[in-house]
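What follows is a single structure, written as structure tokens, with notes after it.
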Amino acid sequence: MRPKLQSASIYDHWGKSKHFRGNVGCFECHVANEKDPDAYEHYGEMIATIVSPKDCGKCHEKEVKEFSESHHAKGGRILGSLDNILAEVVEGNNGFVTGAHPHGVSAAAVNGCWQCHGSEVKVLDNGRLDPSTWPNTGIGRINPDGSEGACTACHSKHTFSAAQARTPDTCGKCHMGPDHPQIEIFNESKHGIAYYANIDKMALDSPKWVVGEDYNAAPTCATCHMSATKDQPVTHDIGLRISWNNRPAISVRPEVSDAKMGLPGKDIPWQKRRANMANVCINCHNQGYVDAFYKQYDALIDLYHEKFAKPGLALYNAAQPLLTPPKFSNKIDFVWFELWHHEGRRARHGASMMGPDYTHWHGTYEIARNFYTEYIPELKELAQHNLHSNDADKKKAAEALQKLIEETLNHKNHMWFLNKMDPAEKARRDKARNDFKNRYGK
Amino acid sequence: MRPKLQSASIYDHWGKSKHFRGNVGCFECHVANEKDPDAYEHYGEMIATIVSPKDCGKCHEKEVKEFSESHHAKGGRILGSLDNILAEVVEGNNGFVTGAHPHGVSAAAVNGCWQCHGSEVKVLDNGRLDPSTWPNTGIGRINPDGSEGACTACHSKHTFSAAQARTPDTCGKCHMGPDHPQIEIFNESKHGIAYYANIDKMALDSPKWVVGEDYNAAPTCATCHMSATKDQPVTHDIGLRISWNNRPAISVRPEVSDAKMGLPGKDIPWQKRRANMANVCINCHNQGYVDAFYKQYDALIDLYHEKFAKPGLALYNAAQPLLTPPKFSNKIDFVWFELWHHEGRRARHGASMMGPDYTHWHGTYEIARNFYTEYIPELKELAQHNLHSNDADKKKAAEALQKLIEETLNHKNHMWFLNKMDPAEKARRDKARNDFKNRYGK
Amino acid sequence: MRPKLQSASIYDHWGKSKHFRGNVGCFECHVANEKDPDAYEHYGEMIATIVSPKDCGKCHEKEVKEFSESHHAKGGRILGSLDNILAEVVEGNNGFVTGAHPHGVSAAAVNGCWQCHGSEVKVLDNGRLDPSTWPNTGIGRINPDGSEGACTACHSKHTFSAAQARTPDTCGKCHMGPDHPQIEIFNESKHGIAYYANIDKMALDSPKWVVGEDYNAAPTCATCHMSATKDQPVTHDIGLRISWNNRPAISVRPEVSDAKMGLPGKDIPWQKRRANMANVCINCHNQGYVDAFYKQYDALIDLYHEKFAKPGLALYNAAQPLLTPPKFSNKIDFVWFELWHHEGRRARHGASMMGPDYTHWHGTYEIARNFYTEYIPELKELAQHNLHSNDADKKKAAEALQKLIEETLNHKNHMWFLNKMDPAEKARRDKARNDFKNRYGK
């Protein structure tokens, strides 16, 4: 055992952890091999600052394997994607110059994206960690030993508290905000209401934590997405119970995105995953309830797809030849991006977790408002501006875009906008409204 | 007693409820008559899934009567109102086809509006509940037995916990978000700060829960709007202590909206309701404080009315002949809608519950910004665009609109915008500022 | 001792406070001198409603002195600043007429700004407090005795609970919302996650509250900014541990703003203040971690300054001759204001407290979007509109503005927008992306 650290609380946190009882001290986790790129000598021993999933896996093999096969572990790969242009170029510059980034890196990426997605940790010549890449506890961190992930993203600091990892706040570190407000949705939902009213009945610090056995007052994020039921063990592959991946502009089934990332989940169809989730629901709801809930959820996904996402994407593609080349140099780039990436996700996530305000006011309401009052007008102007262009390609593209706009607005999903609602539908609506008024007065 | 359900937690929740002790089992609440549209046989007995206020009222007569006379119970009536065009038509389509909705219904309404306002529950031929209309716990649900409301909106699941119903989170299920952020305002307010710091002193699970007797550390939403004081019993008519109904574009007194809905509250003037509320306040604040608070609150309502709501509405009406007919097909429809329905309510609700950030930054600041930089410019353009119209009616409407814009901006509330502030006022303002600077330095 | 008050809870709160044990009753704090402007007779004694810092300072001399030297105490001075035009003129009117404000005052200021910043409390001829200026617990309240501040802003009502003052919610009363969402950032951060999971281990009601001695589970706002460490006593000067003042458009060092306000902090350089903060951090983090964190934070400030704030301010200044004179009568006034005052602060505060979503999605993302799609287009239009003006000054200003826009966009920070990214940089970016793809597949 080493003498107390300067930061004595770390030692104290560890003393309250299961690691203490299990005789797992500082060295057992921080031990390094001389060849490890980030190894350094410390009181005569070789250690490393970062404890990677590879290190944790020496004892927690199952958990690390599951985690490694999940999207969580791959969060850092966004660094090499085109998406990253936002933080690096549009918002950023090369002003943060460090040993590992002599040409500079964007402080918007360092302080923003990387803190959730994970940095690619770089070791300097002096063995220290490059300050642009560490401190970093992003869940998809790319570690000096080549492993992907950071267990500390959820199992914070040196208590490694399961109780804390089970609180919704832990997930809320990243799953919040305009583009994926899961914590806000949970807080609004009946699940959240029951949780906050019954925290003391949640048995959060129980080693065995089986819903319906050890607690039943409420679920947290972990309950539904990860934790044990009577029939399922806990899993650290976060995608095994979701039946839609709502990340992209058009939702895909999780096995599709798993295949794209080369993950073994490619062989686990969404129906199996939905059954996994239903096996959680069934502890507090009956099967009829669960089935009907999924009908409602799927219907929302379908509405979003058919009315906004698919035509929206087609229009965006048709507009490409008329836009200035750098992505995000046109206002319409942002309008479309927020339609699917912000509002579109809010509607889908809201429905998935029964948070009606996020489904509607933060979701479909904003989608519709921005589709009709921003997106369509911008597209129209773009087409009109280029209809008489001397550039034959642009002229052609403008004509095609204009045609597509007209087709879109004349589709039955949108023709109300042109005051062309189907008379039969209008009659039905009027009748329903009148029946209602007659029953309830004005 | 029946054997344990598949969803055993339900049974367990019930076992912790007062119903258990009172010998009120599953059957006592779920019992149905053969003629009930949603009755079905279950282990040889006729039962129904939905327990409606009519069912609860068999024992809780007083509570159900009060609730039934409140706006809460009437939340479902929005389904037959024009307001509903947003979720049904603008955001929605007919894609969610079910047994009860063969022509389809909007998933935006099902997953959004209906989850707070309540669905009109439909029973299918096979006795099951239509999946577009259930699961649903909206507070104004229209039940198969014709009753309005859902006690389970607040008294969740099978514990029927009064403690949980008393937490602000319960109200926050619906009273949150851009258009009525009451939970956010509470959380910001001194009341919320005291509540979160003192939850353990709130006696939330005490059967008798009289403010000033059983607890005084903080109020929750329930304390002020519903719960008992030394002089008032608990009430389930949520409107009996509010002196403004801030729902409409221009606030009305609650007796006015009660009269419109045919509720007995039409005979209870706002002054009586304000006295009811002051009788809560007085437990922790003195009368002078309460009176001065109401002066501040009323002044904010008056500012909103006189400067923005009344002229805003007049301008919107004047613009009608120049707009394309379908509501929400013009950008200005959204701008005006958000001015009163979102920002305008935030300012009013913020002032009503002493949440200054909602009053100002989320409220009057956004109202003013959008009034001057969106609404007025859009209206001006609309007028100018039609001033030389060949359509004589449009030309006339454009002239009238332009005149009204000018009159509005030349009113003393707005003439600063034209750089025409009254010289006397300007002098007073300059003097006040200079006096201030002289006292405190630059 | 007086008989129980009408508002008996006040008496009860006091009974639970340390004041009770210390034999400090109602009179000891509320005592007034006959010459005090707000003194009145109450059961034969002269008392005052407001207990000002001057009153509290009779016993709590050190705390009041520290507080009085802080920005907190000066919050009310905004009332005399130009900033106040927003709530008084743009959002407000003179509709709230009171004894002390016979010409009227803006209810938007009263219910909004003043509730956080503090009112200037006015005493009416009858000795009562003017209802526009009280109730008010704004932290920079200007009291009838001339003192500045309100201890009750944080030490609420009559329990004067230190535990409550230490909760983040207390700070969140004002430090929240679009322009300084510190509570939201804390809630998102690892610090907040640990706090909410460990409230019961925080020893919030311990008289001695030294981090690392009395608690170490998590920090609250108070821990880092005010409370005791093993080496530092608690301080009520909130600025002694911050190394950037992120309030203005361009961040300044705190000694600079202290000097501007005539505060003794002018002699305390930011390096000393940063060392004070690091002395808190070091309880749970090692020195390398702390140093690297500050590199990340400073880099974000630098990015914001160099890419957006400095060129943004220069452009705004250049646009002045072309704008209509009243501030906030031009849309661009709001766009620039929100760039620095809302989004710019969110990015800076987000980085300062490690809340990545606020740094990025609520911060730099919105800054960039609004800079490129609102600010620059508005400026361009303004310049073009005036390039051929008959007014020679305007023509000249328009030419200068256009030139500055071009220079700005051709700066290496912005030339991506013109599709002119430096080829060497582009090559580096492409290579990095390709390397990444080769390692991780598509």
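Each chain in the structure tokens gets a letter, A, B, ..., in the order shown, and its residues are numbered from 1; ligands are numbered from 1 in order too.
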
Residues of chain A within 7 Å of chain C, counting only C-alpha atoms, as a count of residues only = 33

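Close contacts of Cys171 of chain A, defined as residues with an atom at most 10 Å away when counting only C-alpha atoms, with chain neighbours fewer than 4 positions off set aside, comprise A:Ala153, A:Cys154, A:Ala165, A:Arg166, A:Thr167, A:His175, A:Met176, A:Gln182, A:Ile183, A:Thr220, A:Cys221, A:Ala222, C:Glu188, C:Ile193.
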
Go ahead and write the selection's residues with N, CA, C and O atoms as a tab-separated table (two decimals), in the first residue's frame.
chain	number	residue	atom	x	y	z
A	153	ALA	N	-16.59	6.46	-17.36
A	153	ALA	CA	-17.66	7.34	-17.83
A	153	ALA	C	-18.89	7.19	-16.95
A	153	ALA	O	-19.57	8.17	-16.65
A	154	CYS	N	-19.17	5.97	-16.52
A	154	CYS	CA	-20.33	5.73	-15.65
A	154	CYS	C	-19.92	5.33	-14.23
A	154	CYS	O	-20.60	5.68	-13.27
A	165	ALA	N	-23.97	4.61	-10.66
A	165	ALA	CA	-24.11	4.27	-12.08
A	165	ALA	C	-25.55	3.99	-12.45
A	165	ALA	O	-25.96	4.18	-13.60
A	166	ARG	N	-26.35	3.55	-11.49
A	166	ARG	CA	-27.75	3.24	-11.75
A	166	ARG	C	-28.66	4.45	-11.76
A	166	ARG	O	-29.82	4.35	-12.12
A	167	THR	N	-28.17	5.60	-11.26
A	167	THR	CA	-29.04	6.79	-11.24
A	167	THR	C	-29.19	7.33	-12.66
A	167	THR	O	-28.26	7.26	-13.46
A	175	HIS	N	-26.66	12.03	-22.31
A	175	HIS	CA	-27.97	11.88	-22.95
A	175	HIS	C	-28.90	12.99	-22.50
A	175	HIS	O	-29.86	12.75	-21.77
A	176	MET	N	-28.65	14.18	-22.95
A	176	MET	CA	-29.43	15.35	-22.59
A	176	MET	C	-29.27	16.40	-23.68
A	176	MET	O	-28.50	16.21	-24.61
A	182	GLN	N	-32.75	12.58	-23.42
A	182	GLN	CA	-33.32	11.42	-22.73
A	182	GLN	C	-33.55	11.67	-21.24
A	182	GLN	O	-34.56	11.23	-20.68
A	183	ILE	N	-32.62	12.35	-20.60
A	183	ILE	CA	-32.81	12.58	-19.17
A	183	ILE	C	-34.00	13.50	-18.92
A	183	ILE	O	-34.79	13.28	-17.99
A	220	THR	N	-35.09	3.00	-13.46
A	220	THR	CA	-34.19	4.05	-13.94
A	220	THR	C	-33.80	3.68	-15.37
A	220	THR	O	-34.22	2.64	-15.89
A	221	CYS	N	-32.97	4.50	-16.00
A	221	CYS	CA	-32.49	4.18	-17.36
A	221	CYS	C	-31.88	2.78	-17.35
A	221	CYS	O	-32.12	1.97	-18.25
A	222	ALA	N	-31.06	2.52	-16.32
A	222	ALA	CA	-30.35	1.24	-16.24
A	222	ALA	C	-31.32	0.08	-16.16
A	222	ALA	O	-31.10	-0.96	-16.77
C	188	GLU	N	-25.52	18.62	-15.24
C	188	GLU	CA	-25.01	17.74	-16.29
C	188	GLU	C	-23.65	17.16	-15.94
C	188	GLU	O	-23.29	16.07	-16.40
C	193	ILE	N	-23.66	14.83	-10.93
C	193	ILE	CA	-24.04	13.41	-10.87
C	193	ILE	C	-23.66	12.83	-9.51
C	193	ILE	O	-24.47	12.16	-8.85

8 Å contact set for segment 225-229 of chain B, only C-alpha atoms, chain neighbours under 6 positions out, as a list of chain:residue names = B:Trp209, B:Val210, B:Val211, B:Gly212, B:Thr235, B:His236, B:Asp237, B:Ile238, B:Gly239, B:Leu240, B:Arg241, B:Ile242, B:Met277, B:Asn279, B:Val280

Same residues, all heavy atoms, output as a short mmCIF file (atom, residue, chain, number, x, y, z; two decimals), in the first residue's frame:
data_model
loop_
_atom_site.label_atom_id
_atom_site.label_comp_id
_atom_site.auth_asym_id
_atom_site.auth_seq_id
_atom_site.Cartn_x
_atom_site.Cartn_y
_atom_site.Cartn_z
N TRP B 209 -52.34 16.40 6.08
CA TRP B 209 -51.22 17.15 5.53
C TRP B 209 -51.61 18.63 5.45
O TRP B 209 -51.92 19.16 4.37
CB TRP B 209 -50.85 16.60 4.15
CG TRP B 209 -49.46 16.93 3.68
CD1 TRP B 209 -48.29 16.65 4.31
CD2 TRP B 209 -49.10 17.58 2.46
NE1 TRP B 209 -47.23 17.09 3.55
CE2 TRP B 209 -47.69 17.66 2.41
CE3 TRP B 209 -49.82 18.11 1.39
CZ2 TRP B 209 -47.00 18.24 1.35
CZ3 TRP B 209 -49.13 18.68 0.33
CH2 TRP B 209 -47.74 18.75 0.31
N VAL B 210 -51.65 19.25 6.60
CA VAL B 210 -52.09 20.63 6.71
C VAL B 210 -50.86 21.53 6.83
O VAL B 210 -50.07 21.39 7.76
CB VAL B 210 -53.00 20.82 7.94
CG1 VAL B 210 -53.42 22.27 8.07
CG2 VAL B 210 -54.21 19.92 7.84
N VAL B 211 -50.72 22.44 5.89
CA VAL B 211 -49.56 23.33 5.93
C VAL B 211 -49.61 24.18 7.20
O VAL B 211 -50.65 24.67 7.60
CB VAL B 211 -49.49 24.22 4.66
CG1 VAL B 211 -50.65 25.19 4.57
CG2 VAL B 211 -48.16 24.96 4.60
N GLY B 212 -48.47 24.29 7.85
CA GLY B 212 -48.42 25.05 9.10
C GLY B 212 -48.72 24.18 10.31
O GLY B 212 -48.48 24.60 11.44
N THR B 235 -58.83 20.39 -1.70
CA THR B 235 -59.80 20.39 -2.79
C THR B 235 -59.19 19.77 -4.04
O THR B 235 -58.00 19.95 -4.29
CB THR B 235 -60.30 21.79 -3.14
OG1 THR B 235 -61.17 21.68 -4.29
CG2 THR B 235 -59.16 22.73 -3.50
N HIS B 236 -59.98 19.06 -4.79
CA HIS B 236 -59.53 18.52 -6.07
C HIS B 236 -60.00 19.37 -7.25
O HIS B 236 -59.86 18.95 -8.39
CB HIS B 236 -59.94 17.06 -6.23
CG HIS B 236 -59.05 16.12 -5.47
ND1 HIS B 236 -59.02 16.05 -4.10
CD2 HIS B 236 -58.11 15.22 -5.90
CE1 HIS B 236 -58.13 15.16 -3.71
NE2 HIS B 236 -57.56 14.63 -4.78
N ASP B 237 -60.56 20.53 -6.95
CA ASP B 237 -60.83 21.49 -8.03
C ASP B 237 -59.68 22.47 -8.05
O ASP B 237 -59.58 23.39 -7.23
CB ASP B 237 -62.16 22.21 -7.81
CG ASP B 237 -62.46 23.19 -8.94
OD1 ASP B 237 -61.57 23.44 -9.77
OD2 ASP B 237 -63.59 23.71 -8.99
N ILE B 238 -58.82 22.29 -9.00
CA ILE B 238 -57.53 22.95 -9.06
C ILE B 238 -57.62 24.46 -9.28
O ILE B 238 -56.65 25.19 -9.08
CB ILE B 238 -56.70 22.26 -10.18
CG1 ILE B 238 -55.22 22.40 -9.97
CG2 ILE B 238 -57.13 22.75 -11.54
CD1 ILE B 238 -54.71 21.58 -8.85
N GLY B 239 -58.80 24.93 -9.65
CA GLY B 239 -58.91 26.34 -9.99
C GLY B 239 -59.40 27.23 -8.88
O GLY B 239 -59.52 28.45 -9.06
N LEU B 240 -59.61 26.69 -7.72
CA LEU B 240 -60.28 27.48 -6.67
C LEU B 240 -59.37 28.49 -5.98
O LEU B 240 -59.84 29.24 -5.13
CB LEU B 240 -60.92 26.54 -5.63
CG LEU B 240 -62.10 25.72 -6.14
CD1 LEU B 240 -62.72 24.91 -5.02
CD2 LEU B 240 -63.15 26.63 -6.78
N ARG B 241 -58.09 28.46 -6.31
CA ARG B 241 -57.18 29.41 -5.66
C ARG B 241 -56.43 30.29 -6.66
O ARG B 241 -55.49 30.98 -6.28
CB ARG B 241 -56.19 28.66 -4.77
CG ARG B 241 -56.87 27.85 -3.67
CD ARG B 241 -55.90 27.08 -2.81
NE ARG B 241 -56.63 26.16 -1.93
CZ ARG B 241 -56.02 25.24 -1.18
NH1 ARG B 241 -54.70 25.13 -1.19
NH2 ARG B 241 -56.74 24.43 -0.41
N ILE B 242 -56.80 30.21 -7.91
CA ILE B 242 -56.10 31.05 -8.89
C ILE B 242 -56.98 32.23 -9.28
O ILE B 242 -58.19 32.11 -9.46
CB ILE B 242 -55.69 30.27 -10.16
CG1 ILE B 242 -56.89 29.65 -10.87
CG2 ILE B 242 -54.64 29.22 -9.84
CD1 ILE B 242 -56.57 29.23 -12.30
N MET B 277 -56.07 31.59 -1.85
CA MET B 277 -54.63 31.41 -2.01
C MET B 277 -53.88 32.18 -0.93
O MET B 277 -52.94 31.65 -0.32
CB MET B 277 -54.18 31.89 -3.40
CG MET B 277 -52.71 31.69 -3.68
SD MET B 277 -52.23 29.93 -3.73
CE MET B 277 -52.50 29.55 -5.47
N ASN B 279 -54.70 32.75 1.92
CA ASN B 279 -54.83 31.99 3.17
C ASN B 279 -53.78 30.87 3.25
O ASN B 279 -53.44 30.40 4.33
CB ASN B 279 -56.25 31.42 3.26
CG ASN B 279 -56.46 30.52 4.46
OD1 ASN B 279 -56.39 29.30 4.31
ND2 ASN B 279 -56.65 31.11 5.62
N VAL B 280 -53.25 30.47 2.10
CA VAL B 280 -52.09 29.56 2.12
C VAL B 280 -50.82 30.36 2.39
O VAL B 280 -50.03 30.03 3.28
CB VAL B 280 -51.95 28.79 0.78
CG1 VAL B 280 -50.81 27.78 0.89
CG2 VAL B 280 -53.24 28.11 0.37
#

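Minimum atom-to-atom distances from C:Asn84, C:Ser119, C:Asn330, C:Thr133 to Ala100 of chain C were compared using only C-alpha atoms, and the lowest value belongs to C:Thr133.
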
Separation of atom CA of Glu381 of chain C from atom CA of Glu338 of chain C in Å = 19.5 Å

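Within 8 Å of segment 250-261 of chain A there are His71, Gly239, Ile242, Ser243, Trp244, Asn245, Asn246, Gly265, Lys266, Asp267, Ile268, Pro269, Trp270, Ile301, His305, Ala309, Lys310 and Trp340 of chain A; Gly441 and Lys442 of chain C, counting only C-alpha atoms and ignoring same-chain residues fewer than 4 positions away.
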
inquiry  = According to DSSP computed on the backbone, where in segment 319-423 of chain B is there alpha helix (DSSP H)? Give the residues as a ChimeraX atom specification.
reply    = /B:319,331-338,345-352,356-359,365-370,376-386,392-410,423

message = Please compute the atom CA of Lys35 of chain B-atom CA of Gly127 of chain B distance, one decimal, in Å.
response =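 We find that atom CA of Lys35 of chain B and atom CA of Gly127 of chain B lie 11.6 Å from each other.
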
task = State, in Å with one decimal place, the distance from atom CA of Glu184 of chain C to atom CA of Arg274 of chain C.
result = 23.0 Å

request  = Would you kindly return, as a ChimeraX atom specification, each protein, DNA or RNA residue with an atom no farther than 10 Å from any atom of Asp214 of chain B, considering only C-alpha atoms and excluding same-chain residues fewer than 5 positions away?
outcome  = /B:201-204,206-209,229

request  = Could you give me, as a ChimeraX atom specification, the residues within 10 Å of Asp125 of chain A, counting only C-alpha atoms and dropping anything in the same chain fewer than 3 positions from it?
outcome  = /A:37-38,99-100,122,128-130

Dump as a short mmCIF file (atom, residue, chain, number, x, y, z; two decimals), in the first residue's frame, selection limited to all heavy atoms:
data_model
loop_
_atom_site.label_atom_id
_atom_site.label_comp_id
_atom_site.auth_asym_id
_atom_site.auth_seq_id
_atom_site.Cartn_x
_atom_site.Cartn_y
_atom_site.Cartn_z
N PRO A 37 2.77 2.47 -23.71
CA PRO A 37 3.20 3.82 -24.13
C PRO A 37 3.03 4.86 -23.03
O PRO A 37 3.74 5.86 -23.00
CB PRO A 37 2.30 4.13 -25.33
CG PRO A 37 1.19 3.14 -25.29
CD PRO A 37 1.70 1.93 -24.56
N ASP A 38 2.09 4.65 -22.12
CA ASP A 38 1.84 5.66 -21.09
C ASP A 38 2.35 5.23 -19.72
O ASP A 38 1.96 5.80 -18.70
CB ASP A 38 0.34 6.00 -21.02
CG ASP A 38 -0.54 4.77 -20.74
OD1 ASP A 38 -0.08 3.63 -21.00
OD2 ASP A 38 -1.67 4.96 -20.26
N GLY A 99 1.58 19.33 -27.58
CA GLY A 99 2.64 18.45 -28.06
C GLY A 99 2.15 17.45 -29.09
O GLY A 99 2.80 17.19 -30.09
N ALA A 100 0.99 16.90 -28.84
CA ALA A 100 0.47 15.88 -29.74
C ALA A 100 -0.27 16.48 -30.93
O ALA A 100 -0.55 15.79 -31.90
CB ALA A 100 -0.47 14.94 -28.98
N LYS A 122 -3.42 10.86 -26.36
CA LYS A 122 -2.06 10.87 -26.89
C LYS A 122 -1.06 10.99 -25.75
O LYS A 122 -1.29 11.76 -24.80
CB LYS A 122 -1.88 12.07 -27.82
CG LYS A 122 -2.89 12.16 -28.97
CD LYS A 122 -2.51 11.26 -30.11
CE LYS A 122 -3.35 11.57 -31.35
NZ LYS A 122 -3.10 10.63 -32.43
N ARG A 128 3.84 12.01 -20.34
CA ARG A 128 2.60 12.62 -19.86
C ARG A 128 1.50 12.50 -20.93
O ARG A 128 1.80 12.34 -22.11
CB ARG A 128 2.83 14.10 -19.56
CG ARG A 128 3.76 14.30 -18.39
CD ARG A 128 3.26 15.41 -17.53
NE ARG A 128 4.04 15.48 -16.30
CZ ARG A 128 3.85 16.42 -15.39
NH1 ARG A 128 2.93 17.35 -15.58
NH2 ARG A 128 4.57 16.44 -14.29
N LEU A 129 0.28 12.68 -20.49
CA LEU A 129 -0.84 12.64 -21.42
C LEU A 129 -1.06 14.04 -21.99
O LEU A 129 -1.00 15.03 -21.25
CB LEU A 129 -2.09 12.15 -20.71
CG LEU A 129 -1.93 10.76 -20.05
CD1 LEU A 129 -3.19 10.39 -19.26
CD2 LEU A 129 -1.59 9.70 -21.07
N ASP A 130 -1.26 14.10 -23.28
CA ASP A 130 -1.45 15.40 -23.92
C ASP A 130 -2.70 16.08 -23.36
O ASP A 130 -3.77 15.46 -23.29
CB ASP A 130 -1.61 15.19 -25.43
CG ASP A 130 -1.70 16.50 -26.16
OD1 ASP A 130 -0.64 17.10 -26.42
OD2 ASP A 130 -2.83 16.96 -26.44
#

key: Nearest to Lys426 of chain B, chosen from C:His103, C:Lys54, C:His13, C:His42, with only C-alpha atoms counted in the distances   =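 The shortest atom-to-atom distance to Lys426 of chain B comes from C:His103.
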